Structures are given as C-alpha cells and as structure tokens.
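Asks: So here's run_16.cif, just mmCIF, C-alpha atoms and all ligand atoms:
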```
data_final
loop_
_atom_site.group_PDB
_atom_site.id
_atom_site.type_symbol
_atom_site.label_atom_id
_atom_site.label_comp_id
_atom_site.auth_asym_id
_atom_site.auth_seq_id
_atom_site.Cartn_x
_atom_site.Cartn_y
_atom_site.Cartn_z
ATOM 1 C CA MET A 1 0.000 0.000 0.000
ATOM 2 C CA SER A 2 1.300 3.484 -0.843
ATOM 3 C CA GLU A 3 2.210 5.941 1.878
ATOM 4 C CA TYR A 4 0.565 8.679 -0.190
ATOM 5 C CA LYS A 5 -3.082 9.272 -0.916
ATOM 6 C CA GLU A 6 -2.385 11.486 -3.928
ATOM 7 C CA THR A 7 -0.069 13.972 -5.559
ATOM 8 C CA LEU A 8 -1.492 17.366 -4.668
ATOM 9 C CA LEU A 9 0.975 19.586 -6.541
ATOM 10 C CA THR A 10 3.625 18.635 -9.042
ATOM 11 C CA LYS A 11 7.120 20.031 -9.272
ATOM 12 C CA ASP A 12 6.164 22.006 -12.408
ATOM 13 C CA GLU A 13 3.049 23.512 -10.818
ATOM 14 C CA ILE A 14 5.124 24.549 -7.801
ATOM 15 C CA GLU A 15 7.835 26.053 -9.981
ATOM 16 C CA ASN A 16 5.306 28.188 -11.884
ATOM 17 C CA ALA A 17 3.578 29.401 -8.736
ATOM 18 C CA VAL A 18 6.871 30.301 -7.033
ATOM 19 C CA LYS A 19 7.895 32.337 -10.076
ATOM 20 C CA GLY A 20 4.525 34.135 -9.986
ATOM 21 C CA VAL A 21 4.892 35.085 -6.326
ATOM 22 C CA ALA A 22 8.512 36.204 -6.853
ATOM 23 C CA TYR A 23 7.281 38.466 -9.647
ATOM 24 C CA ARG A 24 4.602 40.007 -7.409
ATOM 25 C CA ILE A 25 7.180 40.669 -4.677
ATOM 26 C CA HIS A 26 9.531 42.168 -7.248
ATOM 27 C CA LYS A 27 6.784 44.573 -8.405
ATOM 28 C CA ASP A 28 5.834 45.574 -4.849
ATOM 29 C CA TYR A 29 9.395 46.246 -3.672
ATOM 30 C CA GLU A 30 11.026 47.707 -6.769
ATOM 31 C CA GLY A 31 13.755 50.138 -5.662
ATOM 32 C CA GLU A 32 13.867 48.752 -2.097
ATOM 33 C CA GLU A 33 16.181 46.345 -0.320
ATOM 34 C CA LEU A 34 14.634 43.332 1.319
ATOM 35 C CA LEU A 35 15.407 41.110 4.246
ATOM 36 C CA ILE A 36 13.993 37.656 3.620
ATOM 37 C CA VAL A 37 13.549 35.522 6.735
ATOM 38 C CA CYS A 38 13.209 31.812 6.060
ATOM 39 C CA ILE A 39 11.348 29.924 8.752
ATOM 40 C CA LEU A 40 13.167 26.632 9.192
ATOM 41 C CA LYS A 41 12.947 23.909 8.597
ATOM 42 C CA GLY A 42 9.896 23.493 6.385
ATOM 43 C CA ALA A 43 10.412 26.593 4.206
ATOM 44 C CA PHE A 44 14.019 25.885 3.223
ATOM 45 C CA ILE A 45 13.344 24.599 -0.295
ATOM 46 C CA PHE A 46 10.581 27.098 -1.038
ATOM 47 C CA CYS A 47 12.739 29.986 0.163
ATOM 48 C CA ALA A 48 15.737 28.817 -1.884
ATOM 49 C CA ASP A 49 13.601 28.729 -5.038
ATOM 50 C CA LEU A 50 11.858 32.014 -4.217
ATOM 51 C CA VAL A 51 15.058 34.039 -3.754
ATOM 52 C CA ARG A 52 16.584 32.605 -6.919
ATOM 53 C CA ASN A 53 13.617 34.044 -8.809
ATOM 54 C CA LEU A 54 13.724 37.373 -7.019
ATOM 55 C CA ASP A 55 15.498 40.022 -9.025
ATOM 56 C CA LEU A 56 16.014 42.463 -6.121
ATOM 57 C CA PRO A 57 18.841 43.221 -3.709
ATOM 58 C CA CYS A 58 18.104 41.105 -0.665
ATOM 59 C CA GLU A 59 19.678 39.608 2.402
ATOM 60 C CA ILE A 60 18.537 36.281 3.756
ATOM 61 C CA ASP A 61 18.365 35.181 7.359
ATOM 62 C CA PHE A 62 16.977 32.115 9.081
ATOM 63 C CA ILE A 63 14.891 31.468 12.139
ATOM 64 C CA SER A 64 14.164 28.038 13.448
ATOM 65 C CA ALA A 65 10.806 27.841 15.121
ATOM 66 C CA SER A 66 8.303 25.133 15.771
ATOM 67 C CA SER A 67 4.977 24.899 17.458
ATOM 68 C CA TYR A 68 4.645 21.920 19.668
ATOM 69 C CA GLY A 69 1.457 19.924 19.858
ATOM 70 C CA SER A 70 0.461 16.584 18.453
ATOM 71 C CA SER A 71 2.392 15.351 15.426
ATOM 72 C CA THR A 72 0.009 16.743 12.793
ATOM 73 C CA VAL A 73 -1.738 19.644 14.589
ATOM 74 C CA SER A 74 -0.068 22.852 15.755
ATOM 75 C CA SER A 75 -0.714 24.156 19.282
ATOM 76 C CA GLY A 76 0.389 27.730 18.654
ATOM 77 C CA ASN A 77 2.939 27.474 21.470
ATOM 78 C CA VAL A 78 5.934 28.547 19.464
ATOM 79 C CA ARG A 79 9.444 27.689 20.507
ATOM 80 C CA ILE A 80 12.337 29.580 18.892
ATOM 81 C CA HIS A 81 15.274 27.210 18.498
ATOM 82 C CA LYS A 82 17.479 29.652 16.597
ATOM 83 C CA ASP A 83 16.850 33.380 16.227
ATOM 84 C CA ILE A 84 17.823 35.528 13.224
ATOM 85 C CA GLU A 85 21.230 37.218 13.243
ATOM 86 C CA TYR A 86 20.410 40.591 11.627
ATOM 87 C CA ASP A 87 18.864 43.653 13.222
ATOM 88 C CA ILE A 88 15.538 44.177 11.452
ATOM 89 C CA ALA A 89 14.822 47.712 12.736
ATOM 90 C CA GLY A 90 13.953 49.977 9.797
ATOM 91 C CA ARG A 91 14.169 47.118 7.273
ATOM 92 C CA HIS A 92 11.580 45.746 4.866
ATOM 93 C CA VAL A 93 11.101 42.179 6.052
ATOM 94 C CA ILE A 94 9.284 39.242 4.470
ATOM 95 C CA LEU A 95 8.734 36.121 6.554
ATOM 96 C CA VAL A 96 8.770 33.010 4.381
ATOM 97 C CA GLU A 97 6.755 30.085 5.754
ATOM 98 C CA ASP A 98 5.948 26.656 4.338
ATOM 99 C CA ILE A 99 2.284 26.382 5.301
ATOM 100 C CA VAL A 100 -0.288 28.390 7.220
ATOM 101 C CA ASP A 101 -2.845 26.185 8.921
ATOM 102 C CA SER A 102 -4.540 27.578 12.063
ATOM 103 C CA GLY A 103 -2.329 30.663 11.705
ATOM 104 C CA LEU A 104 -1.261 30.446 15.371
ATOM 105 C CA THR A 105 2.442 29.935 14.647
ATOM 106 C CA LEU A 106 2.641 32.902 12.298
ATOM 107 C CA SER A 107 0.642 35.228 14.503
ATOM 108 C CA ARG A 108 3.079 34.595 17.370
ATOM 109 C CA LEU A 109 6.049 35.053 15.063
ATOM 110 C CA LYS A 110 4.562 38.197 13.565
ATOM 111 C CA SER A 111 4.196 39.858 16.995
ATOM 112 C CA PHE A 112 7.737 38.764 17.845
ATOM 113 C CA PHE A 113 9.070 40.447 14.675
ATOM 114 C CA LEU A 114 6.894 43.579 14.958
ATOM 115 C CA SER A 115 8.302 44.217 18.450
ATOM 116 C CA ARG A 116 11.684 44.745 16.734
ATOM 117 C CA ASN A 117 10.387 47.695 14.670
ATOM 118 C CA PRO A 118 10.862 46.730 11.016
ATOM 119 C CA ALA A 119 9.969 49.382 8.387
ATOM 120 C CA SER A 120 7.458 46.846 7.052
ATOM 121 C CA LEU A 121 6.626 43.196 7.618
ATOM 122 C CA LYS A 122 4.875 40.890 5.166
ATOM 123 C CA ILE A 123 4.158 37.196 5.083
ATOM 124 C CA CYS A 124 4.785 34.874 2.176
ATOM 125 C CA CYS A 125 3.757 31.240 2.291
ATOM 126 C CA LEU A 126 3.837 28.333 -0.084
ATOM 127 C CA LEU A 127 0.581 26.723 1.045
ATOM 128 C CA ASP A 128 -2.459 28.185 2.739
ATOM 129 C CA LYS A 129 -5.072 25.973 4.407
ATOM 130 C CA LYS A 130 -7.540 28.865 4.626
ATOM 131 C CA GLU A 131 -10.472 26.819 5.902
ATOM 132 C CA ARG A 132 -8.523 25.836 9.061
ATOM 133 C CA ARG A 133 -7.740 29.390 10.153
ATOM 134 C CA GLN A 134 -8.247 30.269 13.832
ATOM 135 C CA THR A 135 -6.701 33.747 13.753
ATOM 136 C CA ASP A 136 -7.162 36.821 11.584
ATOM 137 C CA ILE A 137 -3.553 36.758 10.359
ATOM 138 C CA GLU A 138 -3.186 38.173 6.869
ATOM 139 C CA VAL A 139 -1.038 36.292 4.371
ATOM 140 C CA ASP A 140 0.335 38.773 1.838
ATOM 141 C CA TYR A 141 1.693 36.331 -0.735
ATOM 142 C CA SER A 142 0.681 32.707 -1.108
ATOM 143 C CA CYS A 143 1.386 30.231 -3.888
ATOM 144 C CA PHE A 144 -1.553 27.861 -3.317
ATOM 145 C CA THR A 145 -4.699 27.566 -1.239
ATOM 146 C CA ILE A 146 -5.091 23.895 -0.394
ATOM 147 C CA PRO A 147 -7.803 21.767 1.247
ATOM 148 C CA ASP A 148 -7.588 20.393 4.772
ATOM 149 C CA ALA A 149 -5.207 17.461 4.345
ATOM 150 C CA PHE A 150 -1.802 16.659 5.801
ATOM 151 C CA VAL A 151 0.821 17.190 3.123
ATOM 152 C CA VAL A 152 4.519 16.423 2.803
ATOM 153 C CA GLY A 153 7.308 17.075 0.321
ATOM 154 C CA TYR A 154 9.135 20.112 -1.088
ATOM 155 C CA GLY A 155 10.520 20.834 2.386
ATOM 156 C CA LEU A 156 7.541 19.696 4.459
ATOM 157 C CA ASP A 157 7.992 16.690 6.720
ATOM 158 C CA TYR A 158 6.196 14.156 8.790
ATOM 159 C CA ASP A 159 8.344 12.860 11.627
ATOM 160 C CA SER A 160 11.436 14.336 9.893
ATOM 161 C CA ARG A 161 10.847 12.381 6.683
ATOM 162 C CA TYR A 162 9.626 13.247 3.171
ATOM 163 C CA ARG A 163 11.209 16.750 2.970
ATOM 164 C CA ASN A 164 13.191 15.732 -0.119
ATOM 165 C CA LEU A 165 10.183 14.802 -2.288
ATOM 166 C CA PRO A 166 10.029 17.094 -5.343
ATOM 167 C CA ASP A 167 6.191 17.093 -5.435
ATOM 168 C CA ILE A 168 3.726 17.868 -2.654
ATOM 169 C CA MET A 169 1.884 14.732 -1.613
ATOM 170 C CA VAL A 170 -1.104 14.066 0.634
ATOM 171 C CA LEU A 171 0.132 11.601 3.226
ATOM 172 C CA ASP A 172 -2.061 8.568 3.811
ATOM 173 C CA GLU A 173 -3.642 8.675 7.261
ATOM 174 C CA SER A 174 -2.405 5.151 7.989
ATOM 175 C CA VAL A 175 1.116 6.633 8.287
ATOM 176 C CA TYR A 176 0.216 8.818 11.288
ATOM 177 C CA ASN A 177 -2.944 7.133 12.688
ATOM 178 C CA HIS A 178 -1.627 3.989 14.277
HETATM 179 P P1 LIG B 1 -0.350 26.646 12.301
HETATM 180 O O1 LIG B 1 0.285 27.243 13.526
HETATM 181 O O2 LIG B 1 -0.668 27.642 11.230
HETATM 182 O O3 LIG B 1 -1.554 25.810 12.669
HETATM 183 O O4 LIG B 1 0.658 25.562 11.731
HETATM 184 C C1 LIG B 1 1.740 25.895 10.959
HETATM 185 C C2 LIG B 1 2.804 24.840 11.040
HETATM 186 O O5 LIG B 1 2.233 23.527 11.215
HETATM 187 C C3 LIG B 1 3.554 24.777 9.738
HETATM 188 O O6 LIG B 1 4.689 25.619 9.741
HETATM 189 C C4 LIG B 1 3.943 23.320 9.633
HETATM 190 O O7 LIG B 1 5.149 23.109 10.351
HETATM 191 C C5 LIG B 1 2.843 22.593 10.363
HETATM 192 N N1 LIG B 1 1.825 22.082 9.421
HETATM 193 C C6 LIG B 1 0.532 22.471 9.298
HETATM 194 N N2 LIG B 1 -0.103 21.762 8.354
HETATM 195 C C7 LIG B 1 0.823 20.902 7.845
HETATM 196 C C8 LIG B 1 0.781 19.908 6.816
HETATM 197 O O8 LIG B 1 -0.225 19.641 6.140
HETATM 198 N N3 LIG B 1 1.945 19.233 6.591
HETATM 199 C C9 LIG B 1 3.092 19.470 7.303
HETATM 200 N N4 LIG B 1 4.157 18.743 6.988
HETATM 201 N N5 LIG B 1 3.158 20.394 8.267
HETATM 202 C C10 LIG B 1 2.038 21.107 8.530
#
```
Please go through the file and, once you have read it, give me the structure as structure tokens.
Ligand code: 5GP
Replies:
Amino acid sequence: MSEYKETLLTKDEIENAVKGVAYRIHKDYEGEELLIVCILKGAFIFCADLVRNLDLPCEIDFISASSYGSSTVSSGNVRIHKDIEYDIAGRHVILVEDIVDSGLTLSRLKSFFLSRNPASLKICCLLDKKERRQTDIEVDYSCFTIPDAFVVGYGLDYDSRYRNLPDIMVLDESVYNH
C-alpha cells in the first residue's frame, strides 16, 4: 500500500507558482532592499527557489521555530530554536513560511518580529489551508490555497521524513494514525 493518498501539486506547478509570487514581490518592492527571513525547517526549499527568482537586492536570514502539539496539529505554542542574526529595525522584512494552517504559529512570530520595529513586515507562504484558520492573520503572498489534508514534500515533513520529495503529496492517514 502506498504511503501517499495522492499527488497534490507537481514540481512544475510549484515552480510556476513560485515564479509568480517572486514576480509580485519584485513589483511591490522595486527600488527597495529586502530582508527575507526563512522559517526553518519546512520553508528551506521554497525559500531557496523564491530568492533565486527574485530580481532584487536582498539579504537572507533564518529562524528556526516550531509549534509543539500533536504530530500533525499545531498548538500555537511557538518555541524559537534559533533566532535571526540581523537587526531588522527599519528594514523591509518578508517572513517566508511553508504552510499556514490555524495561523497560530505565524501570529506569534509576527508579533515577535513587529516588536523589533521593522519598516514593514509581510508574510509569504507556499501553502495556505484557509479553511482551518483560527486567527485573523493576513497572508500577503501565497502560492496555493489547499484543502484540509496533511501534506509532505518540497521541504515539508512528517516525523522528519519526506522533505526531499520534489512534489507535494497528501500523506495517507495510515502513516500517522496507528
Ligand atoms: P499553524 O500554527 O498555522 O496551525 O501551523 C503551521 C505549522 O504547522 C507549519 O509551519 C507546519 O510546520 C505545520 N503544518 C501544518 N499543516 C501541515 C501539513 O499539512 N503538513 C506538514 N508537513 N506540516 C504542517
């Protein structure tokens, strides 16, 4: 039996959508310098592809954060494992996240970043599970709105596996319900 229920998004579909979002960011920030903050670990592949399509001067920093809860549902209690290294005061910052589900993780991170007085702060995500939202967090750039299913691949894991898959797959429930 396969570990996957279906392929949700192929490598080519992802590539096109990432280029589209990079273009929108380029248009919005023309003439500015950007600080891109990649939220590890899940966003590492998305962020690498995004910045390679971004024709703007930008610096890139990394924050490692996770919300702890059950294995497939976020609690919103965010733990910062590694903070960024740059001072963001007065800078135009974009937080790059893999997936927004309840929105709890990003709303905590957003407050954390706003307290450091950036010139502006926007959110860019690869996947948005809009129907699961529990907060009023606004996502400024998103590549795909997806249904409520647990997905892996293109940086996203389950139990530290599957990050290296080139496509985004819906994981079969038998993998995590046992
Ligand atoms: P939120 O706080 O918005 O509920 O959850 C966001 C975090 O939960 C994401 O950064 C990601 O780590 C994890 N997450 C939510 N949905 C999924 C999913 O379908 N697949 C994977 N691999 N992680 C998810």
Asks: Within 6 Å of A:Leu126, counting only C-alpha atoms, which residues show up once you throw out same-chain ones fewer than 5 positions away? Write them as a list of chain:residue names, please.
Replies: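 Residues near the query, excluding close chain neighbours: A:Asp98, A:Ile99, A:Ser142, A:Cys143.
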Asks: At a cut-off of 7 Å and counting only C-alpha atoms and all ligand atoms, what residues surround ligand LIG 1 (chain B)? Please answer as a PDB file with C-alpha atoms, keeping the file's coordinate frame.
Replies:
```pdb
ATOM      1  CA  GLY A  42       9.896  23.493   6.385  1.00  0.00           C
ATOM      2  CA  SER A  66       8.303  25.133  15.771  1.00  0.00           C
ATOM      3  CA  SER A  67       4.977  24.899  17.458  1.00  0.00           C
ATOM      4  CA  THR A  72       0.009  16.743  12.793  1.00  0.00           C
ATOM      5  CA  VAL A  73      -1.738  19.644  14.589  1.00  0.00           C
ATOM      6  CA  SER A  74      -0.068  22.852  15.755  1.00  0.00           C
ATOM      7  CA  SER A  75      -0.714  24.156  19.282  1.00  0.00           C
ATOM      8  CA  GLY A  76       0.389  27.730  18.654  1.00  0.00           C
ATOM      9  CA  GLU A  97       6.755  30.085   5.754  1.00  0.00           C
ATOM     10  CA  ASP A  98       5.948  26.656   4.338  1.00  0.00           C
ATOM     11  CA  ILE A  99       2.284  26.382   5.301  1.00  0.00           C
ATOM     12  CA  VAL A 100      -0.288  28.390   7.220  1.00  0.00           C
ATOM     13  CA  ASP A 101      -2.845  26.185   8.921  1.00  0.00           C
ATOM     14  CA  SER A 102      -4.540  27.578  12.063  1.00  0.00           C
ATOM     15  CA  GLY A 103      -2.329  30.663  11.705  1.00  0.00           C
ATOM     16  CA  LEU A 104      -1.261  30.446  15.371  1.00  0.00           C
ATOM     17  CA  THR A 105       2.442  29.935  14.647  1.00  0.00           C
ATOM     18  CA  LEU A 106       2.641  32.902  12.298  1.00  0.00           C
ATOM     19  CA  ALA A 149      -5.207  17.461   4.345  1.00  0.00           C
ATOM     20  CA  PHE A 150      -1.802  16.659   5.801  1.00  0.00           C
ATOM     21  CA  VAL A 151       0.821  17.190   3.123  1.00  0.00           C
ATOM     22  CA  VAL A 152       4.519  16.423   2.803  1.00  0.00           C
ATOM     23  CA  LEU A 156       7.541  19.696   4.459  1.00  0.00           C
ATOM     24  CA  ASP A 157       7.992  16.690   6.720  1.00  0.00           C
ATOM     25  CA  TYR A 158       6.196  14.156   8.790  1.00  0.00           C
TER      26      TYR A 158
END
```
Asks: So what does the PyMOL selection byres (((chain A and resi 13) around 12) and not hetatm) actually pick up in this one, as JSON, numbers by chain?
Replies: {"A": [7, 8, 9, 10, 11, 12, 14, 15, 16, 17, 18, 19, 20, 126, 143, 144, 154, 166, 167, 168]}
Asks: Report the distance between atom CA of A:Phe46 and atom CA of A:Tyr23 in Å, rounded to one decimal place.
Replies: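 Distance reported for this atom pair: 14.6 Å.
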Asks: Run the PyMOL selection byres (((chain A and resi 40) around 7) and not hetatm) on the file and write out the hits as a ChimeraX atom specification.
Replies: /A:38-39,41-44,62-65
Asks: Could you state the separation of atom CA of A:Ser111 and atom CA of A:Gly155 in Å, given to one decimal place?
Replies: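 Taking atom CA of A:Ser111 and atom CA of A:Gly155, their separation equals 24.8 Å.
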Asks: Using the chain letters and residue numbers of this document, give as a list in words the residues selected by the PyMOL selection byres (((chain A and resi 51-57) around 9) and not hetatm).
Replies: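 Applying the expression gives Val18, Lys19, Ala22, Tyr23, Ile25, His26, Tyr29, Glu30, Gly31, Glu32, Glu33, Leu34, Leu35, Ile36, Phe46, Cys47, Ala48, Asp49, Leu50, Cys58, Glu59 and Ile60 of chain A.
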Asks: From the list A:Cys125, A:Leu109, A:Val78, A:Ile45, which residue is nearest A:Val96 when using only C-alpha atoms?
Replies: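 Nearest candidate to A:Val96 out of A:Cys125, A:Leu109, A:Val78, A:Ile45: A:Cys125.
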Asks: Quick check, in Å to one decimal: how far apart do atom CA of A:Asn164 and atom CA of A:Lys130 lie?
Replies: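 That distance, rounded to one decimal, is 25.0 Å.
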Asks: Let me have the centre and edge lengths of the axis-aligned box enclosing all listed atoms of stretch 35-44 of chain A with 8 Å padding on every side, in Å to one decimal, as JSON.
Replies:
```
{"center_x": 12.7, "center_y": 32.3, "center_z": 6.2, "size_x": 21.5, "size_y": 33.6, "size_z": 22.0}
```
Asks: With distances taken over all atoms listed in the file, which residue among A:Val37, A:Leu127, A:Pro118, A:Pro147 lies nearest A:Ile84?
Replies: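 That would be A:Val37, the residue with the smallest distance to A:Ile84.
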Asks: With distances taken over all atoms listed in the file, which of A:Val170, A:Glu131, A:Leu165, A:Asn77 is nearest to A:Glu6?
Replies: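 Residue with the minimum atom-to-atom distance to A:Glu6: A:Val170.
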Asks: Which polymer residues have any atom within 10 Å of an atom of A:Ser107, counting all atoms listed in the file, with same-chain residues fewer than 6 positions away left out, as a PDB file with C-alpha atoms, keeping the file's coordinate frame?
Replies:
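The resulting file, around17.pdb, is shown below:
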```pdb
ATOM      1  CA  GLY A  76       0.389  27.730  18.654  1.00  0.00           C
ATOM      2  CA  VAL A  78       5.934  28.547  19.464  1.00  0.00           C
ATOM      3  CA  PHE A 113       9.070  40.447  14.675  1.00  0.00           C
ATOM      4  CA  THR A 135      -6.701  33.747  13.753  1.00  0.00           C
ATOM      5  CA  ASP A 136      -7.162  36.821  11.584  1.00  0.00           C
ATOM      6  CA  ILE A 137      -3.553  36.758  10.359  1.00  0.00           C
ATOM      7  CA  GLU A 138      -3.186  38.173   6.869  1.00  0.00           C
TER       8      GLU A 138
END
```
Asks: For A:Ile123, find every residue with an atom within 7 Å (counting only C-alpha atoms), except residues of its own chain fewer than 5 positions away, and show them as an MDAnalysis selection string.
Replies: chainID A and resid 94:96 139:141
Asks: Next, the residues of the selection above should be written as a PDB file, in the frame of the given file with C-alpha atoms.
Replies:
```pdb
ATOM      1  CA  ILE A  94       9.284  39.242   4.470  1.00  0.00           C
ATOM      2  CA  LEU A  95       8.734  36.121   6.554  1.00  0.00           C
ATOM      3  CA  VAL A  96       8.770  33.010   4.381  1.00  0.00           C
ATOM      4  CA  VAL A 139      -1.038  36.292   4.371  1.00  0.00           C
ATOM      5  CA  ASP A 140       0.335  38.773   1.838  1.00  0.00           C
ATOM      6  CA  TYR A 141       1.693  36.331  -0.735  1.00  0.00           C
TER       7      TYR A 141
END
```
